[in-house]
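J.: Got a structure for you, model-v7.txt, holding compact mmCIF, N, CA and C atoms.
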```
# COMPACT_ATOMS: atom_id res chain seq x y z
N MET W 161 65.13 1.44 20.07
CA MET W 161 64.47 0.22 19.65
C MET W 161 64.58 0.13 18.13
N LEU W 162 64.93 -1.07 17.67
CA LEU W 162 64.98 -1.33 16.23
C LEU W 162 63.85 -2.29 15.89
N ASN W 163 62.98 -1.88 14.98
CA ASN W 163 61.90 -2.75 14.51
C ASN W 163 62.18 -3.12 13.06
N HIS W 164 62.16 -4.40 12.80
CA HIS W 164 62.24 -4.90 11.42
C HIS W 164 61.28 -6.07 11.32
N ASN W 165 60.20 -5.89 10.60
CA ASN W 165 59.17 -6.91 10.53
C ASN W 165 59.57 -8.08 9.65
N THR W 166 59.36 -9.27 10.17
CA THR W 166 59.62 -10.50 9.43
C THR W 166 58.48 -10.74 8.44
N GLU W 167 57.27 -10.40 8.81
CA GLU W 167 56.06 -10.45 8.01
C GLU W 167 55.48 -11.85 7.79
N SER W 168 56.32 -12.84 7.38
CA SER W 168 55.76 -14.14 7.03
C SER W 168 56.78 -15.25 7.27
N VAL W 169 56.38 -16.44 6.91
CA VAL W 169 57.23 -17.62 7.07
C VAL W 169 58.11 -17.79 5.83
N PRO W 170 59.23 -18.50 5.96
CA PRO W 170 60.16 -18.62 4.83
C PRO W 170 59.52 -19.14 3.53
N ARG W 171 58.63 -20.09 3.62
CA ARG W 171 58.01 -20.67 2.41
C ARG W 171 57.23 -19.62 1.60
N LEU W 172 56.68 -18.63 2.26
CA LEU W 172 55.87 -17.62 1.59
C LEU W 172 56.61 -16.29 1.38
N TYR W 173 57.88 -16.24 1.78
CA TYR W 173 58.60 -14.97 1.81
C TYR W 173 58.66 -14.26 0.47
N ARG W 174 58.99 -14.97 -0.58
CA ARG W 174 59.15 -14.32 -1.89
C ARG W 174 57.82 -13.78 -2.42
N VAL W 175 56.71 -14.40 -2.03
CA VAL W 175 55.40 -13.93 -2.46
C VAL W 175 54.96 -12.73 -1.62
N VAL W 176 55.18 -12.81 -0.32
CA VAL W 176 54.73 -11.76 0.60
C VAL W 176 55.65 -10.55 0.56
N ARG W 177 56.95 -10.79 0.50
CA ARG W 177 57.95 -9.70 0.50
C ARG W 177 58.91 -9.92 -0.67
N SER W 178 58.47 -9.62 -1.85
CA SER W 178 59.21 -9.99 -3.07
C SER W 178 60.66 -9.53 -3.09
N GLY W 179 60.96 -8.39 -2.54
CA GLY W 179 62.33 -7.89 -2.58
C GLY W 179 63.17 -8.29 -1.38
N ALA W 180 62.58 -8.98 -0.44
CA ALA W 180 63.28 -9.30 0.81
C ALA W 180 63.69 -10.77 0.84
N ARG W 181 64.58 -11.08 1.76
CA ARG W 181 65.03 -12.46 1.97
C ARG W 181 64.95 -12.76 3.47
N TYR W 182 64.42 -13.92 3.79
CA TYR W 182 64.24 -14.31 5.19
C TYR W 182 65.58 -14.30 5.94
N LYS W 183 66.62 -14.88 5.34
CA LYS W 183 67.92 -14.93 6.00
C LYS W 183 68.45 -13.52 6.27
N ARG W 184 68.25 -12.62 5.33
CA ARG W 184 68.70 -11.24 5.52
C ARG W 184 67.99 -10.58 6.71
N THR W 185 66.70 -10.87 6.85
CA THR W 185 65.94 -10.34 7.99
C THR W 185 66.52 -10.86 9.30
N LEU W 186 66.76 -12.18 9.36
CA LEU W 186 67.34 -12.76 10.57
C LEU W 186 68.72 -12.19 10.85
N ASP W 187 69.53 -12.03 9.80
CA ASP W 187 70.88 -11.47 9.97
C ASP W 187 70.83 -10.04 10.50
N LEU W 188 69.91 -9.23 9.98
CA LEU W 188 69.79 -7.85 10.43
C LEU W 188 69.46 -7.81 11.92
N LEU W 189 68.49 -8.60 12.34
CA LEU W 189 68.09 -8.61 13.75
C LEU W 189 69.21 -9.14 14.64
N SER W 190 69.90 -10.16 14.17
CA SER W 190 71.02 -10.72 14.93
C SER W 190 72.17 -9.72 15.04
N ASN W 191 72.49 -9.06 13.94
CA ASN W 191 73.59 -8.09 13.93
C ASN W 191 73.30 -6.89 14.83
N ALA W 192 72.03 -6.50 14.92
CA ALA W 192 71.68 -5.38 15.80
C ALA W 192 72.09 -5.71 17.23
N LYS W 193 71.88 -6.95 17.64
CA LYS W 193 72.26 -7.38 19.01
C LYS W 193 73.78 -7.47 19.15
N LYS W 194 74.45 -7.91 18.10
CA LYS W 194 75.92 -8.00 18.16
C LYS W 194 76.55 -6.62 18.30
N PHE W 195 76.06 -5.67 17.51
CA PHE W 195 76.65 -4.33 17.50
C PHE W 195 76.22 -3.48 18.69
N SER W 196 75.03 -3.76 19.22
CA SER W 196 74.52 -3.00 20.35
C SER W 196 73.72 -3.95 21.24
N PRO W 197 74.41 -4.71 22.10
CA PRO W 197 73.74 -5.74 22.89
C PRO W 197 72.56 -5.25 23.73
N GLY W 198 72.57 -4.00 24.13
CA GLY W 198 71.47 -3.49 24.94
C GLY W 198 70.29 -2.97 24.14
N MET W 199 70.43 -2.94 22.81
CA MET W 199 69.35 -2.43 21.98
C MET W 199 68.15 -3.38 22.04
N VAL W 200 66.97 -2.81 22.18
CA VAL W 200 65.74 -3.60 22.12
C VAL W 200 65.40 -3.81 20.66
N THR W 201 65.17 -5.07 20.29
CA THR W 201 64.78 -5.38 18.92
C THR W 201 63.37 -5.94 18.89
N LYS W 202 62.72 -5.68 17.77
CA LYS W 202 61.30 -6.01 17.65
C LYS W 202 61.03 -6.49 16.23
N SER W 203 60.12 -7.46 16.10
CA SER W 203 59.71 -7.91 14.79
C SER W 203 58.23 -8.26 14.81
N GLY W 204 57.64 -8.35 13.65
CA GLY W 204 56.22 -8.64 13.57
C GLY W 204 55.90 -9.61 12.45
N LEU W 205 54.83 -10.35 12.65
CA LEU W 205 54.34 -11.32 11.67
C LEU W 205 52.88 -11.07 11.37
N MET W 206 52.50 -11.31 10.12
CA MET W 206 51.10 -11.32 9.73
C MET W 206 50.70 -12.78 9.54
N VAL W 207 49.52 -13.13 9.99
CA VAL W 207 49.03 -14.49 9.78
C VAL W 207 47.79 -14.43 8.89
N GLY W 208 47.53 -15.54 8.22
CA GLY W 208 46.38 -15.61 7.34
C GLY W 208 46.75 -15.60 5.87
N LEU W 209 48.03 -15.85 5.58
CA LEU W 209 48.51 -15.86 4.20
C LEU W 209 48.74 -17.28 3.66
N GLY W 210 48.40 -18.29 4.47
CA GLY W 210 48.57 -19.67 4.03
C GLY W 210 49.63 -20.44 4.79
N GLU W 211 50.18 -19.84 5.84
CA GLU W 211 51.20 -20.49 6.66
C GLU W 211 50.56 -21.54 7.58
N THR W 212 51.39 -22.42 8.10
CA THR W 212 50.92 -23.39 9.10
C THR W 212 51.38 -22.93 10.48
N THR W 213 50.74 -23.47 11.51
CA THR W 213 51.16 -23.16 12.88
C THR W 213 52.59 -23.61 13.10
N GLU W 214 52.96 -24.76 12.55
CA GLU W 214 54.34 -25.26 12.71
C GLU W 214 55.34 -24.29 12.09
N GLU W 215 55.01 -23.73 10.94
CA GLU W 215 55.91 -22.76 10.31
C GLU W 215 56.03 -21.51 11.17
N LEU W 216 54.94 -21.06 11.76
CA LEU W 216 55.00 -19.89 12.64
C LEU W 216 55.88 -20.17 13.85
N VAL W 217 55.72 -21.32 14.46
CA VAL W 217 56.54 -21.66 15.62
C VAL W 217 58.01 -21.72 15.23
N ASP W 218 58.31 -22.20 14.04
CA ASP W 218 59.71 -22.20 13.58
C ASP W 218 60.25 -20.77 13.47
N VAL W 219 59.43 -19.85 12.99
CA VAL W 219 59.85 -18.44 12.90
C VAL W 219 60.04 -17.87 14.31
N PHE W 220 59.13 -18.19 15.23
CA PHE W 220 59.30 -17.74 16.62
C PHE W 220 60.64 -18.21 17.16
N ARG W 221 60.97 -19.47 16.89
CA ARG W 221 62.24 -20.04 17.35
C ARG W 221 63.42 -19.27 16.74
N ASP W 222 63.36 -19.05 15.42
CA ASP W 222 64.45 -18.33 14.73
C ASP W 222 64.64 -16.93 15.33
N LEU W 223 63.55 -16.23 15.56
CA LEU W 223 63.65 -14.87 16.12
C LEU W 223 64.14 -14.90 17.56
N GLY W 224 63.63 -15.86 18.33
CA GLY W 224 64.07 -16.00 19.72
C GLY W 224 65.55 -16.31 19.82
N GLN W 225 66.06 -17.15 18.92
CA GLN W 225 67.48 -17.49 18.93
C GLN W 225 68.36 -16.29 18.60
N ARG W 226 67.79 -15.30 17.97
CA ARG W 226 68.54 -14.09 17.64
C ARG W 226 68.34 -12.98 18.66
N GLY W 227 67.67 -13.31 19.76
CA GLY W 227 67.54 -12.36 20.85
C GLY W 227 66.50 -11.27 20.64
N VAL W 228 65.58 -11.46 19.71
CA VAL W 228 64.55 -10.45 19.50
C VAL W 228 63.73 -10.33 20.79
N ASP W 229 63.49 -9.09 21.21
CA ASP W 229 62.83 -8.83 22.48
C ASP W 229 61.31 -8.79 22.40
N ILE W 230 60.80 -8.20 21.33
CA ILE W 230 59.36 -7.97 21.21
C ILE W 230 58.87 -8.58 19.91
N LEU W 231 57.73 -9.24 19.98
CA LEU W 231 57.11 -9.83 18.79
C LEU W 231 55.66 -9.41 18.73
N SER W 232 55.22 -9.00 17.54
CA SER W 232 53.80 -8.73 17.32
C SER W 232 53.28 -9.71 16.27
N ILE W 233 52.08 -10.22 16.52
CA ILE W 233 51.44 -11.18 15.63
C ILE W 233 50.04 -10.67 15.35
N GLY W 234 49.73 -10.40 14.09
CA GLY W 234 48.42 -9.87 13.74
C GLY W 234 47.85 -10.50 12.49
N GLN W 235 46.57 -10.36 12.32
CA GLN W 235 45.86 -10.89 11.16
C GLN W 235 46.19 -10.05 9.93
N TYR W 236 46.56 -10.70 8.83
CA TYR W 236 46.75 -10.01 7.56
C TYR W 236 45.39 -9.53 7.07
N MET W 237 45.34 -8.27 6.65
CA MET W 237 44.14 -7.70 6.06
C MET W 237 44.50 -7.16 4.69
N ARG W 238 43.85 -7.64 3.69
CA ARG W 238 44.15 -7.25 2.31
C ARG W 238 43.83 -5.77 2.09
N PRO W 239 44.85 -4.95 1.81
CA PRO W 239 44.61 -3.52 1.67
C PRO W 239 43.86 -3.13 0.39
N SER W 240 44.04 -3.93 -0.67
CA SER W 240 43.36 -3.63 -1.94
C SER W 240 43.31 -4.91 -2.77
N ARG W 241 42.59 -4.87 -3.85
CA ARG W 241 42.50 -6.03 -4.75
C ARG W 241 43.84 -6.35 -5.42
N ASP W 242 44.76 -5.39 -5.37
CA ASP W 242 46.08 -5.61 -5.96
C ASP W 242 47.02 -6.37 -5.03
N HIS W 243 46.59 -6.59 -3.80
CA HIS W 243 47.40 -7.29 -2.81
C HIS W 243 46.96 -8.74 -2.68
N LEU W 244 47.78 -9.52 -2.00
CA LEU W 244 47.48 -10.94 -1.81
C LEU W 244 46.13 -11.13 -1.12
N PRO W 245 45.40 -12.16 -1.52
CA PRO W 245 44.13 -12.44 -0.84
C PRO W 245 44.39 -13.06 0.54
N ILE W 246 43.41 -12.97 1.41
CA ILE W 246 43.49 -13.59 2.73
C ILE W 246 43.21 -15.07 2.55
N ALA W 247 44.11 -15.93 3.05
CA ALA W 247 43.91 -17.38 2.96
C ALA W 247 42.94 -17.86 4.04
N ARG W 248 43.04 -17.25 5.24
CA ARG W 248 42.09 -17.60 6.31
C ARG W 248 42.18 -16.58 7.43
N PHE W 249 41.09 -16.50 8.17
CA PHE W 249 41.04 -15.66 9.36
C PHE W 249 41.30 -16.52 10.58
N TYR W 250 42.15 -16.03 11.46
CA TYR W 250 42.45 -16.73 12.71
C TYR W 250 41.47 -16.27 13.77
N PRO W 251 40.86 -17.19 14.51
CA PRO W 251 39.99 -16.77 15.62
C PRO W 251 40.85 -16.29 16.80
N PRO W 252 40.27 -15.49 17.69
CA PRO W 252 41.03 -14.94 18.82
C PRO W 252 41.76 -16.00 19.66
N GLU W 253 41.15 -17.17 19.87
CA GLU W 253 41.81 -18.19 20.69
C GLU W 253 43.10 -18.71 20.05
N GLU W 254 43.19 -18.67 18.72
CA GLU W 254 44.46 -19.07 18.08
C GLU W 254 45.55 -18.05 18.33
N PHE W 255 45.18 -16.79 18.43
CA PHE W 255 46.17 -15.77 18.76
C PHE W 255 46.69 -15.96 20.18
N VAL W 256 45.84 -16.38 21.09
CA VAL W 256 46.27 -16.69 22.46
C VAL W 256 47.28 -17.84 22.41
N TYR W 257 46.97 -18.86 21.64
CA TYR W 257 47.86 -20.02 21.51
C TYR W 257 49.21 -19.59 20.90
N LEU W 258 49.17 -18.76 19.86
CA LEU W 258 50.41 -18.31 19.23
C LEU W 258 51.26 -17.51 20.21
N LYS W 259 50.62 -16.68 21.02
CA LYS W 259 51.37 -15.92 22.04
C LYS W 259 52.04 -16.86 23.02
N GLU W 260 51.31 -17.86 23.49
CA GLU W 260 51.88 -18.84 24.42
C GLU W 260 53.08 -19.54 23.80
N GLN W 261 52.96 -19.92 22.54
CA GLN W 261 54.07 -20.59 21.86
C GLN W 261 55.27 -19.65 21.73
N ALA W 262 55.02 -18.41 21.33
CA ALA W 262 56.12 -17.45 21.15
C ALA W 262 56.86 -17.19 22.45
N LEU W 263 56.14 -17.08 23.55
CA LEU W 263 56.78 -16.80 24.83
C LEU W 263 57.74 -17.90 25.26
N ARG W 264 57.59 -19.08 24.74
CA ARG W 264 58.52 -20.18 25.05
C ARG W 264 59.94 -19.89 24.56
N PHE W 265 60.07 -18.97 23.60
CA PHE W 265 61.37 -18.73 22.98
C PHE W 265 62.08 -17.48 23.50
N GLY W 266 61.63 -16.97 24.65
CA GLY W 266 62.38 -15.94 25.34
C GLY W 266 62.04 -14.50 25.01
N PHE W 267 60.97 -14.25 24.27
CA PHE W 267 60.59 -12.87 24.02
C PHE W 267 60.22 -12.20 25.33
N ARG W 268 60.58 -10.94 25.46
CA ARG W 268 60.24 -10.19 26.67
C ARG W 268 58.82 -9.66 26.63
N HIS W 269 58.28 -9.53 25.43
CA HIS W 269 56.92 -9.04 25.28
C HIS W 269 56.36 -9.56 23.95
N VAL W 270 55.12 -10.06 23.97
CA VAL W 270 54.45 -10.53 22.76
C VAL W 270 53.05 -9.95 22.72
N GLU W 271 52.72 -9.31 21.61
CA GLU W 271 51.36 -8.85 21.33
C GLU W 271 50.82 -9.77 20.26
N SER W 272 49.65 -10.36 20.49
CA SER W 272 49.09 -11.30 19.53
C SER W 272 47.57 -11.17 19.51
N GLY W 273 47.03 -10.79 18.38
CA GLY W 273 45.58 -10.63 18.26
C GLY W 273 45.21 -10.22 16.86
N PRO W 274 43.94 -10.36 16.52
CA PRO W 274 43.49 -10.07 15.15
C PRO W 274 43.81 -8.65 14.68
N MET W 275 43.73 -7.68 15.57
CA MET W 275 43.95 -6.29 15.18
C MET W 275 45.35 -5.77 15.52
N VAL W 276 46.23 -6.63 15.96
CA VAL W 276 47.59 -6.21 16.34
C VAL W 276 48.38 -5.82 15.09
N ARG W 277 49.04 -4.70 15.21
CA ARG W 277 49.96 -4.22 14.18
C ARG W 277 51.28 -3.92 14.87
N SER W 278 52.28 -3.65 14.10
CA SER W 278 53.62 -3.45 14.64
C SER W 278 53.67 -2.41 15.75
N SER W 279 52.90 -1.36 15.62
CA SER W 279 52.93 -0.29 16.63
C SER W 279 51.90 -0.48 17.73
N TYR W 280 51.19 -1.60 17.73
CA TYR W 280 50.12 -1.86 18.69
C TYR W 280 50.66 -1.81 20.12
N HIS W 281 50.08 -0.97 20.95
CA HIS W 281 50.50 -0.80 22.35
C HIS W 281 52.01 -0.52 22.46
N ALA W 282 52.51 0.34 21.59
CA ALA W 282 53.95 0.63 21.57
C ALA W 282 54.47 1.10 22.91
N GLN W 283 53.69 1.91 23.60
CA GLN W 283 54.13 2.41 24.91
C GLN W 283 54.32 1.25 25.89
N GLU W 284 53.36 0.33 25.91
CA GLU W 284 53.44 -0.81 26.81
C GLU W 284 54.62 -1.71 26.44
N GLN W 285 54.88 -1.85 25.14
CA GLN W 285 56.02 -2.65 24.70
C GLN W 285 57.32 -2.03 25.18
N ALA W 286 57.43 -0.74 25.01
CA ALA W 286 58.65 -0.05 25.45
C ALA W 286 58.84 -0.18 26.96
N GLU W 287 57.75 0.00 27.71
CA GLU W 287 57.85 -0.11 29.17
C GLU W 287 58.21 -1.53 29.61
N ALA W 288 57.69 -2.52 28.91
CA ALA W 288 57.95 -3.91 29.27
C ALA W 288 59.40 -4.31 29.04
N THR W 289 60.08 -3.61 28.17
CA THR W 289 61.46 -3.96 27.85
C THR W 289 62.48 -2.93 28.33
N ALA W 290 62.00 -1.90 29.03
CA ALA W 290 62.92 -0.89 29.55
C ALA W 290 63.72 -1.45 30.71
N PRO W 291 64.96 -1.00 30.87
CA PRO W 291 65.74 -1.44 32.03
C PRO W 291 65.06 -0.97 33.31
N ALA W 292 65.20 -1.75 34.34
CA ALA W 292 64.63 -1.39 35.63
C ALA W 292 65.28 -0.11 36.12
N PRO W 293 64.48 0.81 36.67
CA PRO W 293 65.08 2.05 37.20
C PRO W 293 66.02 1.73 38.35
N GLN W 294 67.12 2.43 38.38
CA GLN W 294 68.09 2.20 39.43
C GLN W 294 67.73 3.04 40.64
N GLN W 295 67.80 2.43 41.80
CA GLN W 295 67.51 3.17 43.03
C GLN W 295 68.76 3.89 43.49
N LEU W 296 68.54 5.05 44.03
CA LEU W 296 69.65 5.81 44.59
C LEU W 296 69.92 5.29 46.00
N LEU W 297 71.17 5.13 46.30
CA LEU W 297 71.56 4.74 47.64
C LEU W 297 71.72 5.98 48.51
N THR W 298 71.13 5.96 49.67
CA THR W 298 71.25 7.15 50.55
C THR W 298 72.00 6.79 51.80
```
Please go through the file and, once you have read it, give me the structure as structure tokens.
T.:
Amino acid sequence: MLNHNTESVPRLYRVVRSGARYKRTLDLLSNAKKFSPGMVTKSGLMVGLGETTEELVDVFRDLGQRGVDILSIGQYMRPSRDHLPIARFYPPEEFVYLKEQALRFGFRHVESGPMVRSSYHAQEQAEATAPAPQQLLT
């Protein structure tokens, strides 16, 4: 499994991930599928940094078009005063809505909730995307 977190929407990318580029993130995830079509790919987003729901859905679409298998969506929590402030807290029902929207774009597994982090329920994510066991013919 290859995990590369997208973290935010394109409009906020330079502020949230100063050294990263949105297109480079999409290219990395897309290339992983080109070079190893069976590889499970995963990405994650933080919400609460000032993005709109429409921007999030656009990111879901971009990731889905690149064949990303697993998506995690969690609330941004400011680790220290040196980090970006929280623009808003998402209530649990918005996380349910975001999961429903993300699933429209072909993800095999979506974790969405206030406390979700990239490794949240990692075992369940791996099991949800594992190939079906092959039965032996007797």
J.: If you run DSSP on this backbone, which residues of segment 205-257 of chain W come out as strand (DSSP E), and could you give them as a list in words?
T.: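 The strand (DSSP E) residues within segment 205-257 of chain W come out as Leu205, Met206, Val207, Ile230, Leu231, Ser232, Ile233, Gly234 and Gln235 of chain W.
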J.: How many Å lie between atom CA of Val276 of chain W and atom CA of Phe195 of chain W, rounded to one decimal?
T.: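 Between atom CA of Val276 of chain W and atom CA of Phe195 of chain W the gap works out to 29.1 Å.
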J.: Go through W:Gln261, W:Asp229, W:Phe249, W:Met275 one by one, measure the shortest atom-to-atom distance of each to Ser203 of chain W using only N, CA and C atoms, and give the residue with the smallest value.
T.: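 Closest residue, counting only N, CA and C atoms: W:Asp229.
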J.: Give me, as a PDB file with N, CA and C atoms, keeping the file's coordinate frame, all polymer residues having an atom no more than 6.5 Å from Ile233 of chain W, counting all atoms listed in the file and skipping those fewer than 2 positions away in the same chain.
T.:
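part-v3.pdb, freshly written:
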```pdb
ATOM      1  N   GLY W 204      57.640  -8.350  13.650  1.00  0.00           N
ATOM      2  CA  GLY W 204      56.220  -8.640  13.570  1.00  0.00           C
ATOM      3  C   GLY W 204      55.900  -9.610  12.450  1.00  0.00           C
ATOM      4  N   LEU W 205      54.830 -10.350  12.650  1.00  0.00           N
ATOM      5  CA  LEU W 205      54.340 -11.320  11.670  1.00  0.00           C
ATOM      6  C   LEU W 205      52.880 -11.070  11.370  1.00  0.00           C
ATOM      7  N   MET W 206      52.500 -11.310  10.120  1.00  0.00           N
ATOM      8  CA  MET W 206      51.100 -11.320   9.730  1.00  0.00           C
ATOM      9  C   MET W 206      50.700 -12.780   9.540  1.00  0.00           C
ATOM     10  N   VAL W 207      49.520 -13.130   9.990  1.00  0.00           N
ATOM     11  CA  VAL W 207      49.030 -14.490   9.780  1.00  0.00           C
ATOM     12  C   VAL W 207      47.790 -14.430   8.890  1.00  0.00           C
ATOM     13  N   LEU W 231      57.730  -9.240  19.980  1.00  0.00           N
ATOM     14  CA  LEU W 231      57.110  -9.830  18.790  1.00  0.00           C
ATOM     15  C   LEU W 231      55.660  -9.410  18.730  1.00  0.00           C
ATOM     16  N   GLN W 235      46.570 -10.360  12.320  1.00  0.00           N
ATOM     17  CA  GLN W 235      45.860 -10.890  11.160  1.00  0.00           C
ATOM     18  C   GLN W 235      46.190 -10.050   9.930  1.00  0.00           C
ATOM     19  N   VAL W 270      55.120 -10.060  23.970  1.00  0.00           N
ATOM     20  CA  VAL W 270      54.450 -10.530  22.760  1.00  0.00           C
ATOM     21  C   VAL W 270      53.050  -9.950  22.720  1.00  0.00           C
ATOM     22  N   GLU W 271      52.720  -9.310  21.610  1.00  0.00           N
ATOM     23  CA  GLU W 271      51.360  -8.850  21.330  1.00  0.00           C
ATOM     24  C   GLU W 271      50.820  -9.770  20.260  1.00  0.00           C
ATOM     25  N   SER W 272      49.650 -10.360  20.490  1.00  0.00           N
ATOM     26  CA  SER W 272      49.090 -11.300  19.530  1.00  0.00           C
ATOM     27  C   SER W 272      47.570 -11.170  19.510  1.00  0.00           C
ATOM     28  N   GLY W 273      47.030 -10.790  18.380  1.00  0.00           N
ATOM     29  CA  GLY W 273      45.580 -10.630  18.260  1.00  0.00           C
ATOM     30  C   GLY W 273      45.210 -10.220  16.860  1.00  0.00           C
ATOM     31  N   PRO W 274      43.940 -10.360  16.520  1.00  0.00           N
ATOM     32  CA  PRO W 274      43.490 -10.070  15.150  1.00  0.00           C
ATOM     33  C   PRO W 274      43.810  -8.650  14.680  1.00  0.00           C
ATOM     34  N   VAL W 276      46.230  -6.630  15.960  1.00  0.00           N
ATOM     35  CA  VAL W 276      47.590  -6.210  16.340  1.00  0.00           C
ATOM     36  C   VAL W 276      48.380  -5.820  15.090  1.00  0.00           C
ATOM     37  N   ARG W 277      49.040  -4.700  15.210  1.00  0.00           N
ATOM     38  CA  ARG W 277      49.960  -4.220  14.180  1.00  0.00           C
ATOM     39  C   ARG W 277      51.280  -3.920  14.870  1.00  0.00           C
TER      40      ARG W 277
END
```
J.: Which polymer residues have any atom within 12 Å of an atom of Leu263 of chain W, counting only C-alpha atoms, with same-chain residues fewer than 4 positions away left out, as a PyMOL selection string?
T.: chain W and resi 217+220-221+223-224+228-232+256-259+267-272
J.: Could you add the missing atoms to segment 201-208 of chain W, up to all heavy atoms, and return them as a PDB file, keeping the file's coordinate frame?
T.:
```pdb
ATOM      1  N   THR W 201      65.170  -5.070  20.290  1.00  0.00           N
ATOM      2  CA  THR W 201      64.780  -5.380  18.920  1.00  0.00           C
ATOM      3  C   THR W 201      63.370  -5.940  18.890  1.00  0.00           C
ATOM      4  O   THR W 201      62.909  -6.566  19.846  1.00  0.00           O
ATOM      5  CB  THR W 201      65.759  -6.378  18.261  1.00  0.00           C
ATOM      6  OG1 THR W 201      65.878  -7.535  19.087  1.00  0.00           O
ATOM      7  CG2 THR W 201      67.116  -5.749  18.032  1.00  0.00           C
ATOM      8  N   LYS W 202      62.720  -5.680  17.770  1.00  0.00           N
ATOM      9  CA  LYS W 202      61.300  -6.010  17.650  1.00  0.00           C
ATOM     10  C   LYS W 202      61.030  -6.490  16.230  1.00  0.00           C
ATOM     11  O   LYS W 202      61.638  -5.992  15.278  1.00  0.00           O
ATOM     12  CB  LYS W 202      60.512  -4.744  17.952  1.00  0.00           C
ATOM     13  CG  LYS W 202      59.038  -4.827  17.754  1.00  0.00           C
ATOM     14  CD  LYS W 202      58.447  -3.462  18.123  1.00  0.00           C
ATOM     15  CE  LYS W 202      57.010  -3.355  17.722  1.00  0.00           C
ATOM     16  NZ  LYS W 202      56.456  -2.040  17.988  1.00  0.00           N
ATOM     17  N   SER W 203      60.120  -7.460  16.100  1.00  0.00           N
ATOM     18  CA  SER W 203      59.710  -7.910  14.790  1.00  0.00           C
ATOM     19  C   SER W 203      58.230  -8.260  14.810  1.00  0.00           C
ATOM     20  O   SER W 203      57.645  -8.429  15.883  1.00  0.00           O
ATOM     21  CB  SER W 203      60.541  -9.122  14.337  1.00  0.00           C
ATOM     22  OG  SER W 203      60.367  -9.336  12.945  1.00  0.00           O
ATOM     23  N   GLY W 204      57.640  -8.350  13.650  1.00  0.00           N
ATOM     24  CA  GLY W 204      56.220  -8.640  13.570  1.00  0.00           C
ATOM     25  C   GLY W 204      55.900  -9.610  12.450  1.00  0.00           C
ATOM     26  O   GLY W 204      56.624  -9.676  11.442  1.00  0.00           O
ATOM     27  N   LEU W 205      54.830 -10.350  12.650  1.00  0.00           N
ATOM     28  CA  LEU W 205      54.340 -11.320  11.670  1.00  0.00           C
ATOM     29  C   LEU W 205      52.880 -11.070  11.370  1.00  0.00           C
ATOM     30  O   LEU W 205      52.120 -10.708  12.271  1.00  0.00           O
ATOM     31  CB  LEU W 205      54.474 -12.745  12.207  1.00  0.00           C
ATOM     32  CG  LEU W 205      55.867 -13.310  12.317  1.00  0.00           C
ATOM     33  CD1 LEU W 205      55.875 -14.525  13.226  1.00  0.00           C
ATOM     34  CD2 LEU W 205      56.361 -13.698  10.941  1.00  0.00           C
ATOM     35  N   MET W 206      52.500 -11.310  10.120  1.00  0.00           N
ATOM     36  CA  MET W 206      51.100 -11.320   9.730  1.00  0.00           C
ATOM     37  C   MET W 206      50.700 -12.780   9.540  1.00  0.00           C
ATOM     38  O   MET W 206      51.480 -13.566   8.987  1.00  0.00           O
ATOM     39  CB  MET W 206      50.902 -10.600   8.393  1.00  0.00           C
ATOM     40  CG  MET W 206      51.318  -9.163   8.374  1.00  0.00           C
ATOM     41  SD  MET W 206      51.065  -8.402   6.752  1.00  0.00           S
ATOM     42  CE  MET W 206      52.193  -9.326   5.712  1.00  0.00           C
ATOM     43  N   VAL W 207      49.520 -13.130   9.990  1.00  0.00           N
ATOM     44  CA  VAL W 207      49.030 -14.490   9.780  1.00  0.00           C
ATOM     45  C   VAL W 207      47.790 -14.430   8.890  1.00  0.00           C
ATOM     46  O   VAL W 207      47.119 -13.404   8.809  1.00  0.00           O
ATOM     47  CB  VAL W 207      48.726 -15.212  11.109  1.00  0.00           C
ATOM     48  CG1 VAL W 207      49.995 -15.353  11.943  1.00  0.00           C
ATOM     49  CG2 VAL W 207      47.638 -14.498  11.905  1.00  0.00           C
ATOM     50  N   GLY W 208      47.530 -15.540   8.220  1.00  0.00           N
ATOM     51  CA  GLY W 208      46.380 -15.610   7.340  1.00  0.00           C
ATOM     52  C   GLY W 208      46.750 -15.600   5.870  1.00  0.00           C
ATOM     53  O   GLY W 208      45.911 -15.391   5.001  1.00  0.00           O
TER      54      GLY W 208
END
```
